[in-house]
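Data block below; observations after.
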Amino acid sequence: MRLWWFAKSRRAAHKLPSAASFRTEIIADIFVPERAEDVRFFSRKPVHPGRLRRFSNRDLRESLLSVFYLMVAAALPVRWWAPICGRVSRFRLKRHMRKEFPAYAAATRAVLGEDIDARQLFEGLLAARHRRRLQLAAHLVAGRWSPTIRLEGLDGLQSALQRGHGAILWCDQFIAQTIIGKRALYEAGIEAHQVSVNTHGISESAFGLRFLNPPLVNVENRFLKSRIAFDRDDAYQVTIRIQKILKQNGVVTMTNTVHAGSTFTEAAMGETGWTHLASAPANFAARGRTALFAMSTFEVVPFRQYRAVLSPALAPEASVRADAEMVPSAAADRG
């Protein structure tokens, strides 16, 4: 006898998955004489946008963690914060090792070599994710936390702004960049505009968009002049707004994530690894004579010292400027 609750649901068979699916296509291979190598450009376009879930199991966990870290930030001294994050990060370690670690280990060994301790790095990443949650809680609890944040490379950015064509900060997706990187610029007197997505935050469910994401977005907005939120339906309008800000000598920050565009390039990293970089920042810089900087924010001593670093200006060479015309425009990249 086949019990009906073990049968395959016909409704589920026709239900689209929650996560969006994409199609990747190679659109150009451009030879760079100065590097003696080809640069491959490819597009990443959605097949379907995915389904907005009302609530997820992650929402419950994140809600409980938010309440817990708010209590930690309000009641306990700063010297206890990092050890607490480390302990809490190990509660679901077995599941993380089973679900996430194999891919993480393969990627880190491709970049850093076979001799690195991938498990130690992975456990450090899990603890850092919890420290990011506590960074948010510490900003929500007024007046209790004042870390030392040092910004390096500010002179180069200020010199670029004196030329009047604006600047783009291409930010690494490090744990401390989310809040501390923006705060470093704000405390240095830089009014930046952040390119973002409407689902930015902790969760992409309806519950998360309504309750979990707004606290993070509001904290980040304290340190921004504006947030340029977009979805794939208004990519052109977002491009126009970015161009207008740059013409007014503004500073625009973009984070290197899959939301940074629909056109990417491949770049070698480490021993045998590869990384994907959106071409939108380079397109804006090449077409508008805008200065382009890389930005990385490091956690030196958890909850006490942070270091934000701006690279020297990344000026596109003449051949790269010419080749940029072969790549789809920035309007497409914002899609």
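Within each chain, counting starts at residue 1; across the structure tokens, chains are named A, B, ... in the order shown, with ligands numbered 1 upward in that order.
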Rows by chain and residue number, stretch 282-311 of chain A within 12 Å of stretch 75-81 of chain A, shortest pair, only C-alpha atoms, as a Markdown table:
```
| residue | atom | partner | partner_atom | distance |
| --- | --- | --- | --- | --- |
| A:Val301 | CA | A:Arg79 | CA | 10.6 |
| A:Pro302 | CA | A:Trp81 | CA | 8.4 |
| A:Phe303 | CA | A:Val78 | CA | 7.1 |
| A:Arg304 | CA | A:Val78 | CA | 8.3 |
```
Could the residues in this selection be saved with all heavy atoms as an mmCIF file, in the first residue's frame?
```
data_model
loop_
_atom_site.group_PDB
_atom_site.id
_atom_site.type_symbol
_atom_site.label_atom_id
_atom_site.label_comp_id
_atom_site.auth_asym_id
_atom_site.auth_seq_id
_atom_site.Cartn_x
_atom_site.Cartn_y
_atom_site.Cartn_z
ATOM 1 N N VAL A 301 41.755 43.675 14.454
ATOM 2 C CA VAL A 301 41.420 43.098 15.752
ATOM 3 C C VAL A 301 39.907 43.135 15.864
ATOM 4 O O VAL A 301 39.328 44.223 15.837
ATOM 5 C CB VAL A 301 42.062 43.881 16.924
ATOM 6 C CG1 VAL A 301 41.683 43.245 18.257
ATOM 7 C CG2 VAL A 301 43.573 43.949 16.769
ATOM 8 N N PRO A 302 39.231 41.977 15.954
ATOM 9 C CA PRO A 302 37.769 41.969 15.935
ATOM 10 C C PRO A 302 37.154 42.953 16.929
ATOM 11 O O PRO A 302 37.510 42.969 18.110
ATOM 12 C CB PRO A 302 37.425 40.521 16.296
ATOM 13 C CG PRO A 302 38.591 39.730 15.805
ATOM 14 C CD PRO A 302 39.791 40.612 16.038
ATOM 15 N N PHE A 303 36.282 43.791 16.411
ATOM 16 C CA PHE A 303 35.508 44.775 17.174
ATOM 17 C C PHE A 303 36.351 45.905 17.766
ATOM 18 O O PHE A 303 35.819 46.744 18.484
ATOM 19 C CB PHE A 303 34.703 44.098 18.291
ATOM 20 C CG PHE A 303 33.736 43.067 17.782
ATOM 21 C CD1 PHE A 303 33.919 41.718 18.054
ATOM 22 C CD2 PHE A 303 32.657 43.440 17.004
ATOM 23 C CE1 PHE A 303 33.030 40.767 17.572
ATOM 24 C CE2 PHE A 303 31.758 42.499 16.513
ATOM 25 C CZ PHE A 303 31.955 41.158 16.806
ATOM 26 N N ARG A 304 37.630 45.953 17.426
ATOM 27 C CA ARG A 304 38.488 47.003 17.977
ATOM 28 C C ARG A 304 39.205 47.802 16.896
ATOM 29 O O ARG A 304 39.221 49.028 16.946
ATOM 30 C CB ARG A 304 39.504 46.401 18.956
ATOM 31 C CG ARG A 304 38.854 45.808 20.191
ATOM 32 C CD ARG A 304 39.893 45.414 21.218
ATOM 33 N NE ARG A 304 39.291 44.811 22.400
ATOM 34 C CZ ARG A 304 38.801 45.482 23.434
ATOM 35 N NH1 ARG A 304 38.830 46.801 23.425
ATOM 36 N NH2 ARG A 304 38.270 44.855 24.468
#
```
Which residues of stretch 58-98 of chain A come within 9 Å of stretch 188-212 of chain A, and what is each one's closest atom pair and distance in Å (one decimal), counting only C-alpha atoms, sorted by chain and residue number, as JSON lines?
```
{"residue": "A:Arg58", "atom": "CA", "partner": "A:Ser203", "partner_atom": "CA", "distance": 7.8}
{"residue": "A:Asp59", "atom": "CA", "partner": "A:Gly208", "partner_atom": "CA", "distance": 6.5}
{"residue": "A:Glu62", "atom": "CA", "partner": "A:Leu212", "partner_atom": "CA", "distance": 7.8}
{"residue": "A:Ser63", "atom": "CA", "partner": "A:Leu212", "partner_atom": "CA", "distance": 7.2}
{"residue": "A:Ser66", "atom": "CA", "partner": "A:Leu212", "partner_atom": "CA", "distance": 8.7}
```
Problem set entry | A:Gln120 environment, 12 Å, only C-alpha atoms, sequence neighbours closer than 2 positions dropped, as a list in words |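 Skipping anything fewer than 2 positions along the chain leaves Met97, Phe101, Tyr104, Ala105, Thr108, Ile116, Asp117, Ala118, Phe122, Glu123, Gly124, Leu125, Leu126 and Ala127 of chain A.
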Keeping only N, CA, C and O atoms, write the selected residues to a file as a short mmCIF file (atom, residue, chain, number, x, y, z; two decimals), in the first residue's frame.
```cif
data_model
loop_
_atom_site.label_atom_id
_atom_site.label_comp_id
_atom_site.auth_asym_id
_atom_site.auth_seq_id
_atom_site.Cartn_x
_atom_site.Cartn_y
_atom_site.Cartn_z
N MET A 97 29.81 21.81 7.42
CA MET A 97 30.88 20.99 6.86
C MET A 97 30.33 20.09 5.76
O MET A 97 31.00 19.84 4.75
N PHE A 101 31.38 23.08 3.01
CA PHE A 101 32.84 22.97 3.08
C PHE A 101 33.48 22.38 1.83
O PHE A 101 34.54 22.86 1.40
N TYR A 104 33.98 25.06 -0.74
CA TYR A 104 34.88 26.07 -0.19
C TYR A 104 36.32 25.57 -0.21
O TYR A 104 37.24 26.30 -0.61
N ALA A 105 36.54 24.33 0.20
CA ALA A 105 37.89 23.78 0.24
C ALA A 105 38.50 23.70 -1.16
O ALA A 105 39.67 24.03 -1.36
N THR A 108 39.44 27.38 -2.23
CA THR A 108 40.58 27.96 -1.52
C THR A 108 41.88 27.25 -1.87
O THR A 108 42.93 27.89 -1.98
N ILE A 116 47.38 24.51 2.35
CA ILE A 116 46.68 25.35 3.32
C ILE A 116 45.69 24.50 4.12
O ILE A 116 45.22 23.45 3.67
N ASP A 117 45.38 24.97 5.32
CA ASP A 117 44.41 24.30 6.19
C ASP A 117 43.03 24.87 5.87
O ASP A 117 42.59 25.86 6.46
N ALA A 118 42.34 24.24 4.93
CA ALA A 118 41.05 24.76 4.48
C ALA A 118 40.01 24.72 5.59
O ALA A 118 39.16 25.62 5.68
N PHE A 122 37.82 27.84 6.94
CA PHE A 122 36.36 27.76 6.86
C PHE A 122 35.72 28.07 8.21
O PHE A 122 34.74 28.81 8.28
N GLU A 123 36.28 27.52 9.26
CA GLU A 123 35.74 27.80 10.59
C GLU A 123 35.92 29.27 10.94
O GLU A 123 35.07 29.88 11.60
N GLY A 124 37.02 29.87 10.50
CA GLY A 124 37.21 31.30 10.69
C GLY A 124 36.18 32.12 9.94
O GLY A 124 35.70 33.15 10.43
N LEU A 125 35.80 31.66 8.73
CA LEU A 125 34.77 32.35 7.95
C LEU A 125 33.43 32.30 8.67
O LEU A 125 32.71 33.30 8.73
N LEU A 126 33.08 31.14 9.22
CA LEU A 126 31.81 31.02 9.93
C LEU A 126 31.77 31.97 11.13
O LEU A 126 30.75 32.63 11.38
N ALA A 127 32.87 32.05 11.87
CA ALA A 127 32.92 32.98 13.01
C ALA A 127 32.83 34.43 12.55
O ALA A 127 32.17 35.26 13.19
#
```
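When only C-alpha atoms are used to compute distances to A:Val67, the closest of the residues A:Gln173, A:Arg307, A:Arg109, A:Arg133 turns out to be A:Arg133.
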For this session: Find the residue from A:Thr297, A:Asn57, A:Asn218, A:Ser262 that sits nearest to A:Asp231; use only C-alpha atoms when measuring.
Result: A:Ser262
Problem set entry | Within 9 Å of stretch 44-46 of chain A using only C-alpha atoms, minus same-chain residues under 5 positions, as a list in words | Ala20, Ser21, Phe22, Arg23, Thr24, Glu25, Val258, Gly261, Ser262, Thr263, Phe264 and Gly335 of chain A
Problem set entry | Distance query stretch 240-255 of chain A at most 10 Å, only C-alpha atoms, self and fewer than 6 positions along chain excluded, as a ChimeraX atom specification | /A:157,160-174,177-178,182,190-196,224-228,278,280-281,284-285,288-295,330-331
For this session: Please measure the separation of atom CA of A:Ser43 and atom CA of A:Ala313, giving the value in Å to one decimal.
Result: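 Distance reported for this atom pair: 26.3 Å.
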Exercise. Can you tell me, as a list in words, what residues are no more than 10 Å from A:Ile179 when counting only C-alpha atoms, ignoring any on the same chain fewer than 2 positions away?
Worked result: Arg132, Gln135, Leu136, His139, Ile175, Ala176, Gln177, Gly181, Lys182, Arg183, Ala184, Leu216, Val217, Val219, Glu220, Asn221, Arg222, Phe223 and Thr297 of chain A
Problem set entry | strand (DSSP E or B) per DSSP on the backbone: members of stretch 77-247 of chain A, as an NGL selection string | :A and (148-152 or 167-171 or 192-197 or 226-230)
I need the chosen residues saved as a JSON list (two decimals), in the first residue's frame, with N, CA and C atoms.
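Generated output (again-v5.json):
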```
[["chain", "number", "residue", "atom", "x", "y", "z"],
["A", 148, "THR", "N", 38.38, 51.58, 16.25],
["A", 148, "THR", "CA", 39.35, 52.39, 15.49],
["A", 148, "THR", "C", 39.31, 51.95, 14.03],
["A", 149, "ILE", "N", 39.01, 52.88, 13.13],
["A", 149, "ILE", "CA", 38.92, 52.58, 11.70],
["A", 149, "ILE", "C", 39.92, 53.47, 10.97],
["A", 150, "ARG", "N", 40.88, 52.86, 10.28],
["A", 150, "ARG", "CA", 41.91, 53.61, 9.56],
["A", 150, "ARG", "C", 41.69, 53.46, 8.06],
["A", 151, "LEU", "N", 41.60, 54.58, 7.37],
["A", 151, "LEU", "CA", 41.41, 54.58, 5.92],
["A", 151, "LEU", "C", 42.72, 54.97, 5.25],
["A", 152, "GLU", "N", 43.23, 54.11, 4.36],
["A", 152, "GLU", "CA", 44.47, 54.36, 3.64],
["A", 152, "GLU", "C", 44.17, 54.62, 2.16],
["A", 167, "ALA", "N", 34.39, 59.41, -9.16],
["A", 167, "ALA", "CA", 35.21, 58.23, -8.86],
["A", 167, "ALA", "C", 34.30, 57.04, -8.59],
["A", 168, "ILE", "N", 34.77, 55.87, -8.97],
["A", 168, "ILE", "CA", 34.09, 54.61, -8.69],
["A", 168, "ILE", "C", 34.97, 53.79, -7.76],
["A", 169, "LEU", "N", 34.39, 53.32, -6.67],
["A", 169, "LEU", "CA", 35.10, 52.44, -5.74],
["A", 169, "LEU", "C", 34.58, 51.03, -5.94],
["A", 170, "TRP", "N", 35.47, 50.14, -6.37],
["A", 170, "TRP", "CA", 35.12, 48.75, -6.66],
["A", 170, "TRP", "C", 35.50, 47.94, -5.43],
["A", 171, "CYS", "N", 34.50, 47.57, -4.62],
["A", 171, "CYS", "CA", 34.73, 47.04, -3.27],
["A", 171, "CYS", "C", 34.74, 45.53, -3.25],
["A", 192, "ALA", "N", 29.39, 58.97, -0.31],
["A", 192, "ALA", "CA", 29.34, 57.97, -1.37],
["A", 192, "ALA", "C", 27.90, 57.55, -1.67],
["A", 193, "HIS", "N", 27.69, 57.14, -2.92],
["A", 193, "HIS", "CA", 26.42, 56.59, -3.37],
["A", 193, "HIS", "C", 26.63, 55.09, -3.61],
["A", 194, "GLN", "N", 25.87, 54.24, -2.95],
["A", 194, "GLN", "CA", 26.05, 52.80, -3.05],
["A", 194, "GLN", "C", 25.09, 52.21, -4.08],
["A", 195, "VAL", "N", 25.64, 51.46, -5.05],
["A", 195, "VAL", "CA", 24.81, 50.71, -5.99],
["A", 195, "VAL", "C", 24.38, 49.42, -5.31],
["A", 196, "SER", "N", 23.10, 49.18, -5.23],
["A", 196, "SER", "CA", 22.57, 48.07, -4.45],
["A", 196, "SER", "C", 21.42, 47.42, -5.20],
["A", 197, "VAL", "N", 20.81, 46.42, -4.58],
["A", 197, "VAL", "CA", 19.63, 45.77, -5.13],
["A", 197, "VAL", "C", 18.50, 45.87, -4.13],
["A", 226, "SER", "N", 23.45, 58.39, -0.67],
["A", 226, "SER", "CA", 22.22, 57.81, -1.21],
["A", 226, "SER", "C", 22.50, 56.35, -1.55],
["A", 227, "ARG", "N", 21.43, 55.61, -1.72],
["A", 227, "ARG", "CA", 21.50, 54.21, -2.15],
["A", 227, "ARG", "C", 20.79, 54.08, -3.48],
["A", 228, "ILE", "N", 21.49, 53.54, -4.47],
["A", 228, "ILE", "CA", 20.93, 53.38, -5.80],
["A", 228, "ILE", "C", 20.45, 51.93, -5.92],
["A", 229, "ALA", "N", 19.23, 51.68, -5.50],
["A", 229, "ALA", "CA", 18.68, 50.33, -5.53],
["A", 229, "ALA", "C", 18.04, 50.06, -6.88],
["A", 230, "PHE", "N", 18.21, 48.85, -7.40],
["A", 230, "PHE", "CA", 17.68, 48.54, -8.71],
["A", 230, "PHE", "C", 17.23, 47.09, -8.77]]
```
Exercise. Skipping near chain neighbours, those fewer than 2 positions away, what residues fall within 10 Å of A:Glu266 using only C-alpha atoms, listed as a list in words?
Worked result: Asp38, Val39, Arg40, Phe41, Phe42, Phe264, Ala268, Met269, Trp274, Thr275, His276, Leu277, Ala278 and Ser279 of chain A
With all heavy atoms retained, export the selected residues as a short mmCIF file (atom, residue, chain, number, x, y, z; two decimals), in the first residue's frame.
```cif
data_model
loop_
_atom_site.label_atom_id
_atom_site.label_comp_id
_atom_site.auth_asym_id
_atom_site.auth_seq_id
_atom_site.Cartn_x
_atom_site.Cartn_y
_atom_site.Cartn_z
N ASP A 38 44.46 36.53 -23.43
CA ASP A 38 43.09 36.88 -23.79
C ASP A 38 42.28 37.19 -22.53
O ASP A 38 42.49 36.59 -21.48
CB ASP A 38 42.41 35.74 -24.54
CG ASP A 38 42.94 35.58 -25.96
OD1 ASP A 38 43.33 36.61 -26.54
OD2 ASP A 38 42.99 34.44 -26.46
N VAL A 39 41.38 38.13 -22.67
CA VAL A 39 40.40 38.42 -21.62
C VAL A 39 39.04 37.97 -22.15
O VAL A 39 38.61 38.42 -23.20
CB VAL A 39 40.37 39.92 -21.26
CG1 VAL A 39 39.27 40.19 -20.24
CG2 VAL A 39 41.72 40.35 -20.72
N ARG A 40 38.41 37.07 -21.42
CA ARG A 40 37.12 36.54 -21.85
C ARG A 40 35.99 37.29 -21.18
O ARG A 40 35.97 37.47 -19.96
CB ARG A 40 37.03 35.05 -21.52
CG ARG A 40 35.65 34.44 -21.69
CD ARG A 40 35.71 32.93 -21.78
NE ARG A 40 36.31 32.53 -23.06
CZ ARG A 40 36.51 31.26 -23.41
NH1 ARG A 40 36.20 30.29 -22.59
NH2 ARG A 40 37.06 30.98 -24.59
N PHE A 41 35.02 37.72 -21.99
CA PHE A 41 33.81 38.36 -21.48
C PHE A 41 32.65 37.40 -21.66
O PHE A 41 32.54 36.73 -22.69
CB PHE A 41 33.53 39.67 -22.25
CG PHE A 41 34.50 40.77 -21.95
CD1 PHE A 41 35.71 40.86 -22.64
CD2 PHE A 41 34.23 41.72 -20.97
CE1 PHE A 41 36.62 41.87 -22.37
CE2 PHE A 41 35.12 42.74 -20.71
CZ PHE A 41 36.32 42.81 -21.40
N PHE A 42 31.79 37.33 -20.68
CA PHE A 42 30.61 36.48 -20.78
C PHE A 42 29.43 37.16 -20.11
O PHE A 42 29.59 38.05 -19.26
CB PHE A 42 30.86 35.10 -20.16
CG PHE A 42 31.20 35.13 -18.70
CD1 PHE A 42 30.21 35.00 -17.73
CD2 PHE A 42 32.51 35.28 -18.28
CE1 PHE A 42 30.51 35.02 -16.39
CE2 PHE A 42 32.83 35.30 -16.93
CZ PHE A 42 31.82 35.18 -15.97
N PHE A 264 30.46 39.92 -17.32
CA PHE A 264 31.60 39.69 -16.45
C PHE A 264 32.83 39.31 -17.26
O PHE A 264 32.74 38.98 -18.45
CB PHE A 264 31.29 38.55 -15.46
CG PHE A 264 30.20 38.86 -14.47
CD1 PHE A 264 28.87 38.79 -14.84
CD2 PHE A 264 30.50 39.24 -13.17
CE1 PHE A 264 27.86 39.08 -13.93
CE2 PHE A 264 29.51 39.53 -12.26
CZ PHE A 264 28.19 39.45 -12.64
N ALA A 268 42.50 35.27 -13.61
CA ALA A 268 43.22 34.24 -12.87
C ALA A 268 43.50 34.72 -11.46
O ALA A 268 43.78 35.90 -11.23
CB ALA A 268 44.52 33.88 -13.58
N MET A 269 43.44 33.81 -10.49
CA MET A 269 43.70 34.14 -9.09
C MET A 269 44.46 33.01 -8.44
O MET A 269 44.02 31.85 -8.48
CB MET A 269 42.39 34.41 -8.34
CG MET A 269 42.57 34.65 -6.85
SD MET A 269 41.02 34.98 -5.98
CE MET A 269 40.75 36.68 -6.49
N TRP A 274 40.24 30.92 -10.40
CA TRP A 274 39.68 31.98 -11.25
C TRP A 274 38.64 32.74 -10.46
O TRP A 274 38.01 32.22 -9.55
CB TRP A 274 39.01 31.38 -12.50
CG TRP A 274 39.98 30.75 -13.46
CD1 TRP A 274 40.49 29.49 -13.41
CD2 TRP A 274 40.58 31.38 -14.57
NE1 TRP A 274 41.37 29.30 -14.44
CE2 TRP A 274 41.44 30.45 -15.18
CE3 TRP A 274 40.46 32.65 -15.14
CZ2 TRP A 274 42.17 30.73 -16.31
CZ3 TRP A 274 41.20 32.93 -16.27
CH2 TRP A 274 42.04 31.98 -16.85
N THR A 275 38.48 34.00 -10.80
CA THR A 275 37.43 34.80 -10.21
C THR A 275 36.71 35.56 -11.31
O THR A 275 37.25 35.75 -12.40
CB THR A 275 37.98 35.78 -9.16
OG1 THR A 275 36.89 36.42 -8.48
CG2 THR A 275 38.85 36.85 -9.81
N HIS A 276 35.49 35.96 -11.03
CA HIS A 276 34.68 36.70 -11.99
C HIS A 276 34.54 38.15 -11.55
O HIS A 276 34.24 38.42 -10.39
CB HIS A 276 33.29 36.06 -12.12
CG HIS A 276 33.32 34.69 -12.69
ND1 HIS A 276 32.29 33.79 -12.56
CD2 HIS A 276 34.28 34.05 -13.42
CE1 HIS A 276 32.60 32.67 -13.17
NE2 HIS A 276 33.80 32.80 -13.70
N LEU A 277 34.77 39.07 -12.46
CA LEU A 277 34.69 40.50 -12.18
C LEU A 277 33.70 41.13 -13.15
O LEU A 277 33.81 40.95 -14.36
CB LEU A 277 36.07 41.17 -12.34
CG LEU A 277 37.20 40.61 -11.47
CD1 LEU A 277 38.52 41.27 -11.85
CD2 LEU A 277 36.90 40.84 -10.00
N ALA A 278 32.73 41.86 -12.61
CA ALA A 278 31.77 42.55 -13.47
C ALA A 278 32.49 43.62 -14.28
O ALA A 278 33.40 44.29 -13.80
CB ALA A 278 30.65 43.16 -12.63
N SER A 279 32.06 43.80 -15.52
CA SER A 279 32.71 44.78 -16.39
C SER A 279 32.11 46.17 -16.26
O SER A 279 32.63 47.13 -16.83
CB SER A 279 32.62 44.32 -17.85
OG SER A 279 31.26 44.22 -18.26
#
```
For this session: State, in Å with one decimal place, the distance from atom CA of A:His96 to atom CA of A:Gln305.
Result: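 Rounded to one decimal, the two atoms are 28.3 Å apart.
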For this session: Could you tell me, as a ChimeraX atom specification, which residues of stretch 41-222 of chain A DSSP assigns to alpha helix (DSSP H) when given the backbone?
Result: /A:57-75,81-88,93-99,101-112,118-140,154-162,180-187,206-207,213-221
